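K.L.:
Coordinates in entry02.cif, mmCIF, C-alpha atoms and all ligand atoms, are listed below.
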```cif
data_upload
#
loop_
_atom_site.label_atom_id
_atom_site.label_comp_id
_atom_site.auth_asym_id
_atom_site.auth_seq_id
_atom_site.Cartn_x
_atom_site.Cartn_y
_atom_site.Cartn_z
CA MET A 1189 -91.94 -35.80 -151.63
CA ASP A 1190 -91.18 -33.72 -148.58
CA ASP A 1191 -93.99 -34.27 -146.10
CA SER A 1192 -92.97 -31.33 -143.95
CA ARG A 1193 -94.32 -28.98 -146.62
CA ALA A 1194 -97.50 -27.03 -145.96
CA TYR A 1195 -98.73 -25.16 -149.03
CA ILE A 1196 -99.95 -21.64 -148.31
CA LEU A 1197 -102.74 -20.44 -150.62
CA PHE A 1198 -103.70 -16.81 -150.24
CA THR A 1199 -106.90 -16.10 -152.15
CA MET A 1200 -109.30 -13.24 -152.80
CA ASP A 1201 -112.96 -13.21 -153.81
CA VAL A 1202 -113.13 -10.36 -156.29
CA GLU A 1203 -116.65 -8.99 -156.14
CA ILE A 1204 -118.53 -6.55 -158.31
CA VAL A 1205 -119.37 -3.17 -156.77
CA ALA A 1206 -121.78 -3.68 -153.88
CA GLY A 1207 -125.35 -3.10 -154.97
CA SER A 1208 -126.57 -2.48 -151.43
CA ALA A 1209 -125.27 -1.79 -147.94
CA THR A 1210 -125.52 -5.47 -146.97
CA ALA A 1211 -123.94 -6.98 -150.10
CA SER A 1212 -120.22 -7.77 -150.26
CA GLY A 1213 -118.06 -5.81 -152.69
CA PRO A 1214 -116.22 -2.48 -152.93
CA ASP A 1215 -117.97 0.90 -153.25
CA SER A 1216 -116.41 1.48 -156.68
CA ASN A 1217 -114.23 -0.33 -159.21
CA ALA A 1218 -111.44 2.12 -158.36
CA GLU A 1219 -111.58 1.07 -154.71
CA GLY A 1220 -111.69 -2.61 -155.72
CA ALA A 1221 -108.61 -2.19 -157.95
CA GLN A 1222 -106.75 -0.45 -155.13
CA ARG A 1223 -107.54 -3.26 -152.65
CA ILE A 1224 -106.45 -5.88 -155.17
CA ARG A 1225 -103.11 -4.15 -155.77
CA GLU A 1226 -102.51 -3.63 -152.04
CA TYR A 1227 -103.15 -7.31 -151.33
CA MET A 1228 -100.80 -8.37 -154.14
CA GLU A 1229 -98.10 -5.99 -152.85
CA VAL A 1230 -98.35 -6.89 -149.16
CA LEU A 1231 -98.17 -10.61 -150.02
CA GLY A 1232 -95.43 -10.04 -152.58
CA GLU A 1233 -93.22 -8.49 -149.89
CA ARG A 1234 -93.32 -11.89 -148.13
CA GLY A 1235 -92.89 -13.98 -151.27
CA PHE A 1236 -96.53 -15.03 -151.74
CA THR A 1237 -98.54 -14.90 -154.98
CA PRO A 1238 -102.31 -15.04 -154.48
CA THR A 1239 -105.12 -16.71 -156.37
CA PHE A 1240 -107.91 -14.31 -157.38
CA PHE A 1241 -111.39 -15.73 -157.89
CA VAL A 1242 -112.94 -13.08 -160.12
CA ASP A 1243 -116.56 -12.36 -160.96
CA PRO A 1244 -116.60 -12.45 -164.80
CA GLN A 1245 -118.77 -9.33 -164.83
CA LEU A 1246 -115.61 -7.41 -163.84
CA GLY A 1247 -113.91 -8.38 -167.08
CA SER A 1248 -115.14 -5.35 -169.01
CA GLU A 1249 -113.56 -2.96 -166.46
CA GLN A 1250 -110.64 -4.86 -164.97
CA ALA A 1251 -109.42 -7.56 -167.35
CA GLU A 1252 -106.22 -5.63 -168.01
CA LEU A 1253 -105.43 -5.36 -164.29
CA PHE A 1254 -105.86 -9.10 -163.76
CA LEU A 1255 -103.86 -10.06 -166.82
CA GLU A 1256 -101.04 -7.87 -165.48
CA LEU A 1257 -101.24 -9.61 -162.08
CA ARG A 1258 -101.31 -12.98 -163.84
CA ASP A 1259 -98.10 -12.08 -165.63
CA ALA A 1260 -96.65 -11.28 -162.18
CA GLY A 1261 -97.43 -14.82 -160.95
CA ALA A 1262 -100.95 -14.56 -159.54
CA GLU A 1263 -103.60 -17.04 -160.62
CA ILE A 1264 -107.00 -15.97 -161.93
CA GLY A 1265 -110.02 -18.23 -161.47
CA MET A 1266 -113.75 -17.65 -161.67
CA HIS A 1267 -116.10 -16.56 -158.87
CA ILE A 1268 -119.85 -16.46 -159.30
CA HIS A 1269 -122.55 -15.50 -156.85
CA ALA A 1270 -125.70 -16.88 -158.43
CA ALA A 1271 -127.57 -14.09 -156.65
CA LYS A 1272 -125.46 -11.42 -158.41
CA PHE A 1273 -125.34 -13.21 -161.74
CA SER A 1274 -128.93 -14.32 -162.33
CA GLN A 1275 -130.81 -12.72 -165.18
CA ASP A 1276 -134.27 -13.13 -163.71
CA GLY A 1277 -133.86 -11.35 -160.38
CA ARG A 1278 -133.65 -14.61 -158.46
CA THR A 1279 -131.62 -14.06 -155.29
CA ASP A 1280 -130.66 -17.66 -154.44
CA GLU A 1281 -127.03 -18.75 -154.35
CA LEU A 1282 -125.64 -21.63 -156.46
CA GLY A 1283 -126.67 -24.51 -154.19
CA ALA A 1284 -130.34 -23.69 -154.76
CA LEU A 1285 -130.05 -24.39 -158.50
CA THR A 1286 -130.72 -27.65 -160.35
CA ALA A 1287 -127.90 -29.25 -162.35
CA ALA A 1288 -129.27 -27.76 -165.59
CA GLU A 1289 -129.61 -24.30 -164.04
CA GLN A 1290 -126.06 -24.43 -162.63
CA LYS A 1291 -124.68 -25.55 -165.97
CA ALA A 1292 -126.45 -22.77 -167.85
CA MET A 1293 -125.25 -20.12 -165.40
CA LEU A 1294 -121.65 -21.37 -165.33
CA MET A 1295 -121.56 -21.57 -169.13
CA ARG A 1296 -122.74 -17.97 -169.29
CA GLY A 1297 -120.01 -17.07 -166.80
CA LEU A 1298 -117.36 -18.90 -168.83
CA GLU A 1299 -118.42 -17.19 -172.04
CA LEU A 1300 -118.19 -13.75 -170.42
CA PHE A 1301 -114.89 -14.62 -168.72
CA GLU A 1302 -113.28 -15.90 -171.92
CA ARG A 1303 -114.49 -12.91 -173.92
CA HIS A 1304 -112.76 -10.44 -171.58
CA PHE A 1305 -109.77 -12.39 -170.29
CA GLN A 1306 -108.95 -14.38 -173.44
CA PHE A 1307 -108.41 -17.63 -171.57
CA ARG A 1308 -110.63 -20.26 -169.97
CA PRO A 1309 -110.55 -20.42 -166.16
CA ARG A 1310 -109.68 -23.84 -164.71
CA ILE A 1311 -110.59 -23.17 -161.09
CA PHE A 1312 -113.78 -21.96 -159.43
CA ARG A 1313 -115.17 -20.72 -156.13
CA PRO A 1314 -118.91 -20.14 -155.69
CA GLY A 1315 -120.25 -17.16 -153.76
CA CYS A 1316 -120.97 -18.00 -150.11
CA PHE A 1317 -119.40 -21.46 -150.72
CA SER A 1318 -122.89 -22.41 -151.88
CA ALA A 1319 -123.18 -25.76 -153.66
CA ASN A 1320 -125.22 -28.95 -153.83
CA ASP A 1321 -124.61 -32.53 -154.91
CA HIS A 1322 -124.78 -31.56 -158.61
CA THR A 1323 -122.08 -28.89 -158.43
CA TYR A 1324 -118.89 -30.97 -158.74
CA GLY A 1325 -120.26 -32.99 -161.65
CA VAL A 1326 -121.28 -29.85 -163.52
CA LEU A 1327 -117.91 -28.16 -162.90
CA THR A 1328 -116.05 -31.26 -164.08
CA GLU A 1329 -118.18 -31.48 -167.22
CA LEU A 1330 -117.30 -27.84 -167.98
CA GLY A 1331 -113.58 -28.57 -167.76
CA PHE A 1332 -112.72 -27.16 -164.35
CA GLU A 1333 -109.72 -28.90 -162.77
CA GLY A 1334 -110.39 -27.94 -159.20
CA GLY A 1335 -111.41 -25.24 -156.84
CA SER A 1336 -112.56 -23.94 -153.53
CA ILE A 1337 -116.17 -25.00 -153.22
CA SER A 1338 -116.34 -25.99 -149.57
CA ILE A 1339 -116.10 -24.34 -146.17
CA PRO A 1340 -116.02 -27.30 -143.78
CA GLY A 1341 -118.44 -27.01 -140.89
CA ARG A 1342 -120.50 -24.09 -142.14
CA VAL A 1343 -124.27 -24.59 -142.22
CA TRP A 1344 -126.11 -21.55 -143.57
CA MET A 1345 -129.51 -22.52 -144.83
CA GLU A 1346 -130.40 -19.17 -146.44
CA ARG A 1347 -127.29 -19.40 -148.61
CA TYR A 1348 -127.67 -23.10 -149.50
CA CYS A 1349 -124.34 -23.68 -147.80
CA GLU A 1350 -124.33 -27.02 -145.98
CA TRP A 1351 -120.91 -28.46 -145.20
CA SER A 1352 -121.53 -29.98 -141.76
CA ALA A 1353 -119.59 -33.19 -142.50
CA ALA A 1354 -117.24 -31.95 -145.21
CA GLU A 1355 -113.81 -33.53 -145.74
CA PRO A 1356 -111.43 -30.79 -144.51
CA HIS A 1357 -108.34 -31.62 -146.63
CA PRO A 1358 -107.63 -31.63 -150.39
CA HIS A 1359 -109.38 -34.49 -152.18
CA TYR A 1360 -110.92 -35.62 -155.45
CA ALA A 1361 -114.55 -34.54 -155.44
CA ASN A 1362 -117.49 -36.89 -155.32
CA ALA A 1363 -120.08 -36.87 -158.12
CA ALA A 1364 -122.94 -37.87 -155.84
CA MET A 1365 -122.12 -36.73 -152.29
CA ARG A 1366 -120.38 -33.38 -152.24
CA GLN A 1367 -119.18 -33.57 -148.63
CA TYR A 1368 -117.13 -36.74 -149.12
CA PRO A 1369 -114.06 -37.58 -151.19
CA GLY A 1370 -114.72 -39.36 -154.48
CA SER A 1371 -113.14 -40.05 -157.83
CA LEU A 1372 -114.09 -37.12 -160.06
CA PRO A 1373 -111.05 -35.55 -161.77
CA PHE A 1374 -111.76 -32.33 -159.83
CA VAL A 1375 -109.50 -31.46 -156.91
CA GLU A 1376 -111.27 -29.72 -154.05
CA ILE A 1377 -108.99 -27.68 -151.79
CA PRO A 1378 -111.21 -26.55 -148.90
CA LEU A 1379 -110.95 -23.26 -147.07
CA SER A 1380 -108.92 -23.89 -143.90
CA VAL A 1381 -110.93 -23.82 -140.70
CA ASP A 1382 -110.12 -24.33 -137.03
CA ARG A 1383 -112.22 -27.36 -136.09
CA SER A 1384 -111.49 -27.17 -132.37
CA GLN A 1385 -114.78 -25.36 -131.68
CA LYS A 1386 -118.08 -24.71 -133.48
CA HIS A 1387 -119.53 -21.19 -133.29
CA ARG A 1388 -122.85 -19.54 -133.99
CA HIS A 1389 -122.62 -16.37 -136.07
CA PRO A 1390 -124.87 -13.33 -135.29
CA LEU A 1391 -126.29 -13.77 -138.82
CA GLY A 1392 -127.63 -17.14 -137.67
CA PHE A 1393 -125.33 -19.74 -139.19
CA GLU A 1394 -123.06 -22.40 -137.66
CA TYR A 1395 -119.40 -22.34 -138.54
CA TYR A 1396 -115.79 -22.80 -137.50
CA PHE A 1397 -113.39 -19.88 -137.34
CA ASP A 1398 -111.20 -19.39 -140.40
CA LEU A 1399 -108.32 -17.00 -141.05
CA ARG A 1400 -110.11 -14.29 -143.07
CA PRO A 1401 -108.48 -10.95 -142.19
CA GLY A 1402 -111.22 -8.51 -141.25
CA ASP A 1403 -113.92 -11.15 -141.71
CA VAL A 1404 -116.24 -10.99 -144.73
CA TYR A 1405 -119.41 -9.65 -143.23
CA GLN A 1406 -120.49 -6.16 -142.19
CA SER A 1407 -118.38 -4.77 -139.36
CA GLU A 1408 -121.22 -4.92 -136.82
CA ASN A 1409 -121.38 -8.67 -137.41
CA VAL A 1410 -117.68 -9.34 -137.00
CA VAL A 1411 -116.96 -11.89 -134.31
CA PRO A 1412 -113.60 -11.15 -132.68
CA ARG A 1413 -111.02 -13.90 -132.94
CA ASP A 1414 -107.34 -14.33 -132.24
CA HIS A 1415 -105.87 -14.92 -135.69
CA ARG A 1416 -102.61 -16.27 -134.26
CA GLN A 1417 -104.51 -18.85 -132.22
CA VAL A 1418 -106.74 -19.84 -135.16
CA LEU A 1419 -103.61 -20.26 -137.27
CA GLU A 1420 -101.95 -22.42 -134.63
CA ASN A 1421 -105.05 -24.63 -134.29
CA ILE A 1422 -105.17 -25.11 -138.07
CA VAL A 1423 -101.45 -25.97 -138.17
CA ARG A 1424 -101.89 -28.42 -135.29
CA GLN A 1425 -104.67 -30.18 -137.20
CA LEU A 1426 -102.34 -30.56 -140.20
CA ALA A 1427 -99.54 -31.95 -138.05
CA GLU A 1428 -101.83 -34.40 -136.26
CA GLU A 1429 -103.91 -35.52 -139.23
CA GLN A 1430 -101.10 -35.67 -141.82
CA PRO A 1431 -103.31 -35.33 -144.91
CA LEU A 1432 -101.89 -36.30 -148.29
CA LEU A 1433 -101.43 -32.62 -149.13
CA LYS A 1434 -101.17 -30.08 -146.32
CA THR A 1435 -102.74 -26.77 -147.28
CA ILE A 1436 -103.59 -23.53 -145.55
CA VAL A 1437 -106.17 -21.59 -147.56
CA ILE A 1438 -106.84 -18.00 -146.57
CA ASP A 1439 -109.62 -15.90 -148.10
CA VAL A 1440 -110.16 -12.13 -148.31
CA HIS A 1441 -112.46 -9.76 -150.21
CA ASN A 1442 -111.66 -6.79 -152.47
CA ASP A 1443 -113.36 -4.36 -150.09
CA ARG A 1444 -110.91 -4.41 -147.18
CA ASP A 1445 -107.79 -2.35 -146.47
CA PHE A 1446 -104.74 -4.64 -146.23
CA ARG A 1447 -102.11 -1.89 -146.16
CA ASP A 1448 -103.13 0.59 -143.43
CA LEU A 1449 -102.18 -0.99 -140.12
CA SER A 1450 -104.71 1.13 -138.23
CA GLN A 1451 -107.35 -1.05 -139.95
CA ALA A 1452 -108.35 -4.50 -138.63
CA PRO A 1453 -107.96 -6.38 -141.96
CA ALA A 1454 -104.38 -5.09 -142.38
CA GLN A 1455 -103.59 -5.96 -138.75
CA HIS A 1456 -105.00 -9.48 -139.11
CA LEU A 1457 -103.12 -10.09 -142.34
CA ARG A 1458 -99.91 -8.90 -140.67
CA THR A 1459 -100.53 -11.26 -137.73
CA ILE A 1460 -100.94 -14.18 -140.13
CA LEU A 1461 -97.85 -13.26 -142.18
CA ASP A 1462 -95.69 -12.71 -139.08
CA ASN A 1463 -96.75 -15.99 -137.46
CA LEU A 1464 -96.88 -18.42 -140.37
CA ALA A 1465 -93.23 -19.49 -140.38
CA PRO A 1466 -92.72 -19.72 -136.58
CA VAL A 1467 -96.00 -21.55 -135.93
CA LEU A 1468 -95.37 -24.01 -138.77
CA ALA A 1469 -91.80 -24.56 -137.53
CA ALA A 1470 -93.09 -25.33 -134.02
CA TYR A 1471 -94.99 -28.26 -135.56
CA GLY A 1472 -92.12 -29.38 -137.78
CA LEU A 1473 -93.58 -27.89 -140.96
CA ASN A 1474 -92.32 -25.49 -143.65
CA GLY A 1475 -94.60 -23.07 -145.46
CA VAL A 1476 -94.42 -23.03 -149.26
CA ASN A 1477 -96.24 -20.52 -151.46
CA ALA A 1478 -98.70 -22.00 -153.97
CA THR A 1479 -101.49 -20.89 -156.26
CA TYR A 1480 -104.54 -23.12 -156.60
CA THR A 1481 -103.39 -24.76 -159.82
CA GLU A 1482 -99.91 -25.40 -158.41
CA ALA A 1483 -101.44 -27.10 -155.35
CA ILE A 1484 -103.86 -29.09 -157.55
CA ARG A 1485 -100.96 -30.41 -159.65
CA ILE A 1486 -98.97 -31.39 -156.55
CA PHE A 1487 -102.01 -33.12 -155.07
CA LYS A 1488 -102.53 -35.11 -158.27
CA ALA A 1489 -98.90 -36.18 -158.38
CA LYS A 1490 -99.15 -37.45 -154.79
CA ALA A 1491 -102.62 -39.01 -155.08
CA ASP A 1492 -101.97 -40.80 -158.33
CA VAL A 1493 -99.17 -42.90 -156.89
CA ARG A 1494 -101.40 -44.08 -154.03
CA PRO A 1495 -104.23 -46.55 -154.30
CA ARG A 1496 -107.59 -44.80 -154.62
CA PHE A 1497 -110.64 -45.94 -152.68
ZN ZN B 1501 -118.09 -13.74 -153.19
#
```
I'd like the structure from this file rewritten - as structure tokens, please.
Ligand SMILES: [Zn+2]
P.N.:
Amino acid sequence: MDDSRAYILFTMDVEIVAGSATASGPDSNAEGAQRIREYMEVLGERGFTPTFFVDPQLGSEQAELFLELRDAGAEIGMHIHAAKFSQDGRTDELGALTAAEQKAMLMRGLELFERHFQFRPRIFRPGCFSANDHTYGVLTELGFEGGSISIPGRVWMERYCEWSAAEPHPHYANAAMRQYPGSLPFVEIPLSVDRSQKHRHPLGFEYYFDLRPGDVYQSENVVPRDHRQVLENIVRQLAEEQPLLKTIVIDVHNDRDFRDLSQAPAQHLRTILDNLAPVLAAYGLNGVNATYTEAIRIFKAKADVRPRF
């Protein structure tokens, strides 16, 4: 295997229409569809095919769109915000739920997803990267092969998001201790973060900078960052730490403009796309496009020829 390869995973959280001014999500399904197509096109011009983590509730309106994108090489996985998916008005995210409650909710999500999309998703990302020590076991039991559950370093109590000591590179998940590698047949590929400095967000949580173009929160809460510098710091970590599989995972939402370069999200995405190859090359690495399932398969091929701990 060529160890100079760094797999680039562009992703999108595809949210239902925002129910309030503070919730994530587009203003309408038409806007959401436009953002999704723009993201696919802008990435496609550079040879990248994204992974979309889709709220199954969108299936009734947008299944056709996603199946078309899937035919064009994109991957479709499942995204659930427990707060947007609960049937009893409970507003907690996934990490607040017991194993039985998580299983019931995810099964309901799978049923809805399969009904609209006519296939079973193999990868998952929870809303707000919210999880607890039951989550990986439940996902494995339901047949998921891998996903994007963690955001290393983020501690956001209100969202049940606690990843203060999370393993930052791809690994088999742990059935008992979510933050550490283990031996479940579920491959976690964490969101890429720049671990050179911890920050405190205006919303009150601790975190490291990541590459999200335009951020994911309301504009008044956006903390300015230099996306080129964050990218370089992430690449430097990969070069220094030499994980088994080098990945750069970038997340966006379906409520940002990625095409109009007068808009911050489009500018940030352009900065990332323009700098990926030269920054990687400066550290002796080559960027290779991958969807989540492609990266999971490559990880397994590499991991399974090495002794496991
Ligand atoms: Zn989300």
K.L.:
Nearest to ligand ZN 1501 (chain B) among A:Gln1222, A:Gln1430, A:Asn1442, A:Thr1286, with distances taken over all atoms listed in the file: which residue is it?
P.N.:
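Looking at the shortest contact to ligand ZN 1501 (chain B), the residue is A:Asn1442.
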K.L.:
Neighbouring residues of ligand ZN 1501 (chain B) are defined here as those with any atom at most 8 Å from a ligand atom, counting only C-alpha atoms and all ligand atoms; list them as a list in words.
P.N.:
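Checking only C-alpha atoms and all ligand atoms against ligand ZN 1501 (chain B) at 8 Å gives Asp1201, Val1202, Glu1203, Ser1212, Gly1213, His1267, Ile1268, His1269, Pro1314, Gly1315, Cys1316 and His1441 of chain A.
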K.L.:
Report as a Markdown table the residues of range 1326-1355 of chain A within 12 Å of range 1228-1251 of chain A, each with its shortest atom pair and distance in Å (one decimal), using only C-alpha atoms, ordered by chain and increasing residue number.
P.N.:
```
| residue | atom | partner | partner_atom | distance |
| --- | --- | --- | --- | --- |
| A:Gly1335 | CA | A:Phe1241 | CA | 9.6 |
| A:Ser1336 | CA | A:Phe1241 | CA | 9.4 |
| A:Ile1337 | CA | A:Phe1241 | CA | 11.4 |
```
K.L.:
Report as a PyMOL selection string all protein, DNA and RNA residues lying within 7 Å of Leu1468 in chain A, evaluated on only C-alpha atoms, omitting residues in the same chain fewer than 6 positions from it.
P.N.:
chain A and resi 1423+1474-1475
K.L.:
Select, from A:Asp1414, A:Glu1299, A:Asp1448, A:Glu1429, the residue with the minimum atom-to-atom distance to Asn1463 in chain A, counting all atoms listed in the file.
P.N.:
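Using all atoms listed in the file, the shortest distance to Asn1463 in chain A belongs to A:Asp1414.
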K.L.:
Please provide as a PyMOL selection string all residues within 12 Å of Glu1263 in chain A, with the sequence filter that same-chain residues fewer than 2 positions apart are discarded (counting all atoms listed in the file).
P.N.:
chain A and resi 1197-1200+1228+1236-1242+1254-1261+1265-1266+1307+1309-1312+1335+1478-1483
K.L.:
Just how far from CA of Pro1373 in chain A is CA of Thr1328 in chain A, in Å to one decimal?
P.N.:
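For CA of Thr1328 in chain A relative to CA of Pro1373 in chain A, the distance reads 7.0 Å.
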K.L.:
My list of candidates is A:Asn1320, A:Ser1192, A:Asn1421, A:Gln1290. Which is closest to Ser1274 in chain A when distances are computed with all atoms listed in the file?
P.N.:
A:Gln1290
K.L.:
For range 1484-1489 of chain A, list every protein, DNA or RNA residue within 7 Å, evaluated using only C-alpha atoms, and leave out those in the same chain fewer than 4 positions away; present the list as a VMD selection string.
P.N.:
chain A and resid 1334 1375 1433 1480 1493
K.L.:
For Gln1385 in chain A, which residue out of A:Tyr1324, A:Val1418, A:Gly1402, A:Glu1355 is the nearest one, using only C-alpha atoms?
P.N.:
A:Val1418
K.L.:
If I take CA of Ala1354 in chain A and CA of Met1295 in chain A, how far is one from the other in Å, to one decimal?
P.N.:
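Taking CA of Ala1354 in chain A and CA of Met1295 in chain A, their separation equals 26.4 Å.
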K.L.:
Distance CA of Arg1223 in chain A-CA of Lys1434 in chain A, one decimal place?
P.N.:
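If I compute the distance from CA of Arg1223 in chain A to CA of Lys1434 in chain A, I get 28.3 Å.
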K.L.:
If you count only C-alpha atoms, which residues fall within 9 Å of Met1293 in chain A, apart from same-chain ones fewer than 3 positions away, as a list in words?
P.N.:
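Non-adjacent residues within range: Ile1268, Ala1270, Phe1273, Ser1274, Ala1288, Glu1289, Gln1290, Arg1296, Gly1297 and Leu1298 of chain A.
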K.L.:
Tell me which protein, DNA and RNA residues are within 8 Å of Pro1453 in chain A, counting only C-alpha atoms, leaving out same-chain ones fewer than 6 positions away, and put them as a list in words.
P.N.:
Pro1401, Gly1402, Asp1403, Arg1444, Asp1445 and Phe1446 of chain A
K.L.:
Go through A:Leu1432, A:Leu1419, A:Cys1349, A:Ala1271 and flag the residue nearest Leu1461 in chain A, using only C-alpha atoms for the distances.
P.N.:
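Ranking A:Leu1432, A:Leu1419, A:Cys1349, A:Ala1271 by distance to Leu1461 in chain A, first place goes to A:Leu1419.
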K.L.:
List the residues sitting within 6 Å of (-106.8, -16.6, -145.5) in the file's frame, using all atoms listed in the file, as a PyMOL selection string.
P.N.:
chain A and resi 1198+1399-1400+1437-1439
K.L.:
Restricting the calculation to all atoms listed in the file, which member of A:Pro1431, A:Gly1325, A:Gly1220, A:Pro1356 is positioned closest to Ile1377 in chain A?
P.N.:
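Closest residue, counting all atoms listed in the file: A:Pro1356.
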